[in-house]
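Here is the structure we will look at.
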Amino acid sequence: MIVVTGGSGQLGTAFRRLLPEAVFPPRRRLDLTVPASSWDVLDDVRPSMIINCAAYTSVDRAEDDEAAATAANGEGVARLVEYCRRRGIGLVTYSTDYVFDGADRRPYVESDPTSPINAYGRSKLIGEGYALEYENALVIRTSWLLSGSHPNFVATMLRMAGDGETVRVVNDQTGCPTIAADLADASLSAIAAGATGLLHLVNSGEATWFDLAQRAVGLAGMDPRLIQPCSSEEYETRARRPRYSVLGSHRLDDLGVASLPPWEDSLPAVVAEIERGTFPGAPQQTR
């Protein structure tokens with residue numbers, strides 16, 4: 001039996017659609033920030049594998065509460081490793097492109113050195129370190145996660161543009177928009193291939209936040225000119241972001257795992273689901 005933590009989030013919801021037979025314990029029964037001895041749900045289920053989608057994901061808030069981010073993204077992973085090691089079962093956990101500083105202008109692969117420039121990236125790197133000490137763990141780095149099931153960057157852009165607002169979006173940060181459904185599917189392929197260690201999984205292609213916003217607004221039938229470019233200096237955030245955090249992989253071919261589809265090909269389904277308004281704060285129908 002597979003247990004998936006963080007089942008109420010974007011990625012966890014994608015796994016619910018692919019693994020209806022898995023167990024998705026609520027946070028009150030499996031909280032990564034409390035001692036593993038209190039995780040009675042795991043003893044009840046006796047899992048054969050844990051897929052960890054739970055995380056502290058607020059990049060800006062982490063700057064003011066790095067301890068909380070590290071408790072979930074670092075120490076929480078350590079507790080999962082301890083549990084899985086004792087029972088000899090596999091662990092899959094997720095990390096981020098923000099473990100890199102963005103100084104390079106080529107895709108980062110699994111063997112590249114890390115150097116996070118914000119608290120969120122540091123907290124995820126701590127979790128990576130714990131997981132990679134366990135031989136049956138797979139750490140999947142991904143980036144710019146999107147879905148039609150939850151509030152996220154694309155949903156925000158559609159809402160603001162739907163209100164007729166001109167929206168300024170940074171055009172000097174480049175990464176890989178990744179659709180949760182594609183990531184979940186590719187993760188299962190990597191698990192089936194017996195992958196352990198580090199693996200980068202992102203949708204093919206790259207974009208700036210501006211590129212992504214313009215494409216999404218156009219797919220929703222609105223004027224892409226509502227999206228206007230700006231620089232990171234013009235749109236300050238609490239946490240610094242890497243200017244270039246595109247992820248590549250030198251492991252997919254060896255594992256026999258197919259590359260994820262181009263993000264442009266998967267984005268229309270995300271926009272269509274957002275337009276159906278299935279979560280709080282979804283934009284109104286724009287067509």
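Residue numbers start at 1 in each chain; chains themselves are named A, B, ... in the order of the structure tokens; ligands are numbered from 1 in the order shown.
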**OP:** Using only C-alpha atoms, determine which residues lie at most 12 Å from A:Arg46, disregarding the query and same-chain residues fewer than 6 positions distant; provide the list as JSON, numbers by chain.
**Re:** {"A": [1, 2, 3, 22, 23, 39, 40, 83, 84, 86, 87, 88, 89]}
Let me see the file: selected residues, all heavy atoms, as a short mmCIF file (atom, residue, chain, number, x, y, z; two decimals), in the first residue's frame.
```
data_model
loop_
_atom_site.label_atom_id
_atom_site.label_comp_id
_atom_site.auth_asym_id
_atom_site.auth_seq_id
_atom_site.Cartn_x
_atom_site.Cartn_y
_atom_site.Cartn_z
N MET A 1 0.84 -1.20 0.00
CA MET A 1 0.00 0.00 0.00
C MET A 1 0.88 1.25 0.00
O MET A 1 1.81 1.36 0.79
CB MET A 1 -0.91 0.01 1.23
CG MET A 1 -1.83 1.21 1.32
SD MET A 1 -3.07 1.28 0.02
CE MET A 1 -4.10 -0.12 0.50
N ILE A 2 0.60 2.17 -0.89
CA ILE A 2 1.33 3.42 -0.97
C ILE A 2 0.63 4.46 -0.12
O ILE A 2 -0.59 4.60 -0.16
CB ILE A 2 1.44 3.91 -2.42
CG1 ILE A 2 2.28 2.94 -3.26
CG2 ILE A 2 2.04 5.32 -2.49
CD1 ILE A 2 2.35 3.30 -4.73
N VAL A 3 1.41 5.20 0.66
CA VAL A 3 0.90 6.34 1.41
C VAL A 3 1.42 7.61 0.75
O VAL A 3 2.62 7.71 0.44
CB VAL A 3 1.35 6.29 2.88
CG1 VAL A 3 1.14 7.63 3.58
CG2 VAL A 3 0.57 5.21 3.63
N ALA A 22 -4.41 4.35 -3.13
CA ALA A 22 -3.43 4.75 -2.13
C ALA A 22 -4.13 5.38 -0.93
O ALA A 22 -5.31 5.72 -0.97
CB ALA A 22 -2.43 5.74 -2.73
N VAL A 23 -3.36 5.53 0.16
CA VAL A 23 -3.86 6.16 1.38
C VAL A 23 -3.32 7.59 1.44
O VAL A 23 -2.11 7.80 1.27
CB VAL A 23 -3.44 5.36 2.62
CG1 VAL A 23 -3.85 6.10 3.90
CG2 VAL A 23 -4.08 3.98 2.59
N TRP A 39 2.69 9.10 14.42
CA TRP A 39 2.09 8.82 13.13
C TRP A 39 1.39 7.46 13.16
O TRP A 39 1.79 6.52 12.48
CB TRP A 39 3.15 8.85 12.03
CG TRP A 39 3.84 10.17 11.85
CD1 TRP A 39 3.48 11.37 12.37
CD2 TRP A 39 5.03 10.41 11.10
NE1 TRP A 39 4.37 12.35 12.00
CE2 TRP A 39 5.34 11.79 11.22
CE3 TRP A 39 5.88 9.60 10.35
CZ2 TRP A 39 6.43 12.37 10.60
CZ3 TRP A 39 6.97 10.17 9.73
CH2 TRP A 39 7.25 11.54 9.85
N ASP A 40 0.35 7.35 13.92
CA ASP A 40 -0.34 6.07 14.08
C ASP A 40 -0.91 5.57 12.76
O ASP A 40 -1.04 4.36 12.56
CB ASP A 40 -1.45 6.19 15.12
CG ASP A 40 -2.47 7.27 14.76
OD1 ASP A 40 -2.05 8.34 14.27
OD2 ASP A 40 -3.67 7.02 14.95
N TYR A 83 11.65 6.55 9.46
CA TYR A 83 10.57 5.57 9.43
C TYR A 83 10.78 4.56 8.30
O TYR A 83 10.67 3.34 8.51
CB TYR A 83 9.22 6.28 9.25
CG TYR A 83 8.06 5.33 9.25
CD1 TYR A 83 7.39 5.03 10.42
CD2 TYR A 83 7.63 4.70 8.07
CE1 TYR A 83 6.32 4.13 10.43
CE2 TYR A 83 6.58 3.81 8.07
CZ TYR A 83 5.93 3.53 9.25
OH TYR A 83 4.89 2.63 9.25
N CYS A 84 11.09 5.05 7.11
CA CYS A 84 11.25 4.16 5.96
C CYS A 84 12.45 3.24 6.13
O CYS A 84 12.39 2.05 5.74
CB CYS A 84 11.39 4.99 4.69
SG CYS A 84 9.89 5.88 4.21
N ARG A 86 13.69 2.07 8.95
CA ARG A 86 13.37 1.02 9.93
C ARG A 86 12.54 -0.09 9.31
O ARG A 86 12.67 -1.25 9.69
CB ARG A 86 12.62 1.62 11.13
CG ARG A 86 13.47 2.42 12.07
CD ARG A 86 12.84 2.49 13.47
NE ARG A 86 11.45 2.89 13.43
CZ ARG A 86 11.03 4.14 13.57
NH1 ARG A 86 11.92 5.13 13.74
NH2 ARG A 86 9.75 4.43 13.53
N ARG A 87 11.70 0.26 8.35
CA ARG A 87 10.80 -0.72 7.76
C ARG A 87 11.26 -1.21 6.40
O ARG A 87 10.60 -2.06 5.79
CB ARG A 87 9.38 -0.14 7.69
CG ARG A 87 8.74 -0.09 9.08
CD ARG A 87 7.71 0.97 9.22
NE ARG A 87 7.13 0.96 10.56
CZ ARG A 87 7.73 1.48 11.63
NH1 ARG A 87 8.92 2.06 11.50
NH2 ARG A 87 7.17 1.43 12.83
N GLY A 88 12.35 -0.66 5.90
CA GLY A 88 12.90 -1.12 4.64
C GLY A 88 12.03 -0.83 3.43
O GLY A 88 11.97 -1.63 2.49
N ILE A 89 11.36 0.33 3.45
CA ILE A 89 10.47 0.68 2.34
C ILE A 89 11.00 1.90 1.60
O ILE A 89 11.84 2.64 2.10
CB ILE A 89 9.03 0.94 2.83
CG1 ILE A 89 8.99 2.16 3.76
CG2 ILE A 89 8.47 -0.30 3.53
CD1 ILE A 89 7.57 2.57 4.16
#
```
Please provide the set of residues having any atom within 8 Å of stretch 175-191 of chain A, restricted to only C-alpha atoms, with same-chain residues fewer than 5 positions apart removed, written as a compact mmCIF listing (two decimals) with C-alpha atoms, in the first residue's frame.
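Ended up saving to around.txt:
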```txt
# COMPACT_ATOMS: atom_id res chain seq x y z
CA GLN A 10 -1.54 20.38 -6.04
CA LEU A 11 0.71 17.37 -6.48
CA ALA A 14 -2.75 14.76 -9.01
CA PHE A 15 -1.69 11.53 -7.30
CA LEU A 18 -3.65 8.33 -10.56
CA ILE A 140 12.73 14.60 -7.39
CA THR A 142 10.90 20.15 -9.96
CA SER A 143 9.83 23.76 -10.50
CA TRP A 144 7.01 26.26 -11.01
CA LEU A 145 4.25 23.79 -10.18
CA LEU A 146 0.84 24.46 -11.76
CA SER A 147 -2.54 22.77 -11.76
CA LEU A 201 11.48 16.15 -13.57
CA VAL A 202 9.98 19.22 -15.23
CA ASN A 203 7.91 19.86 -18.32
CA SER A 204 9.98 20.39 -21.44
CA GLY A 205 10.83 23.91 -22.50
CA GLU A 206 11.48 27.08 -20.57
CA ALA A 207 9.76 30.40 -20.00
CA THR A 208 9.81 33.58 -17.98
CA LEU A 212 3.77 31.99 -18.94
CA TYR A 244 17.78 31.24 -14.36
CA SER A 245 16.69 27.96 -12.81
CA VAL A 246 15.87 25.75 -15.77
CA LEU A 247 16.28 22.08 -14.86
CA LEU A 255 16.28 5.09 -16.57
CA VAL A 257 11.78 7.50 -18.37
CA ALA A 258 10.20 9.68 -21.04
CA SER A 259 10.62 13.44 -20.90
CA LEU A 260 7.58 15.36 -19.76
CA PRO A 261 5.62 17.05 -22.56
CA TRP A 263 4.56 22.99 -20.90
CA SER A 266 -0.22 20.86 -21.13
CA LEU A 267 -1.17 24.41 -20.16
CA VAL A 270 -4.84 23.69 -16.72
```
Per-residue nearest contacts of stretch 83-164 of chain A to stretch 55-67 of chain A (10 Å; only C-alpha atoms) as JSON lines:
```
{"residue": "A:Thr93", "atom": "CA", "partner": "A:Ala55", "partner_atom": "CA", "distance": 9.6}
{"residue": "A:Tyr94", "atom": "CA", "partner": "A:Ala55", "partner_atom": "CA", "distance": 8.6}
{"residue": "A:Ser95", "atom": "CA", "partner": "A:Ala55", "partner_atom": "CA", "distance": 9.3}
{"residue": "A:Tyr98", "atom": "CA", "partner": "A:Val59", "partner_atom": "CA", "distance": 9.5}
{"residue": "A:Asn118", "atom": "CA", "partner": "A:Glu63", "partner_atom": "CA", "distance": 7.0}
{"residue": "A:Ala119", "atom": "CA", "partner": "A:Glu63", "partner_atom": "CA", "distance": 5.4}
{"residue": "A:Tyr120", "atom": "CA", "partner": "A:Val59", "partner_atom": "CA", "distance": 5.4}
{"residue": "A:Gly121", "atom": "CA", "partner": "A:Val59", "partner_atom": "CA", "distance": 8.2}
{"residue": "A:Arg122", "atom": "CA", "partner": "A:Glu66", "partner_atom": "CA", "distance": 8.7}
{"residue": "A:Ser123", "atom": "CA", "partner": "A:Glu66", "partner_atom": "CA", "distance": 7.4}
{"residue": "A:Lys124", "atom": "CA", "partner": "A:Ala55", "partner_atom": "CA", "distance": 8.9}
```
Original post:
Pick from A:Gly194, A:Asp101, A:Val41, A:Gly148: nearest to A:Gly256, with only C-alpha atoms counted?
Top reply: A:Gly194
**OP:** Name all residues at most 10 Å from A:Phe210 (count only C-alpha atoms; drop same-chain ones fewer than 3 positions away) and give them as a list in words.
**Re:**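 Residues near the query, excluding close chain neighbours: Val167, Arg168, Val169, Val170, Asn171, Asp172, Gln173, Thr174, Ala207, Ala213, Gln214, Arg215, Ala216, Ile227, Gln228, Pro229 and Cys230 of chain A.
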**OP:** Grab the atom CA of A:Phe24 to atom CA of A:Ile51 distance for me, in Å with one decimal place.
**Re:** 9.8 Å
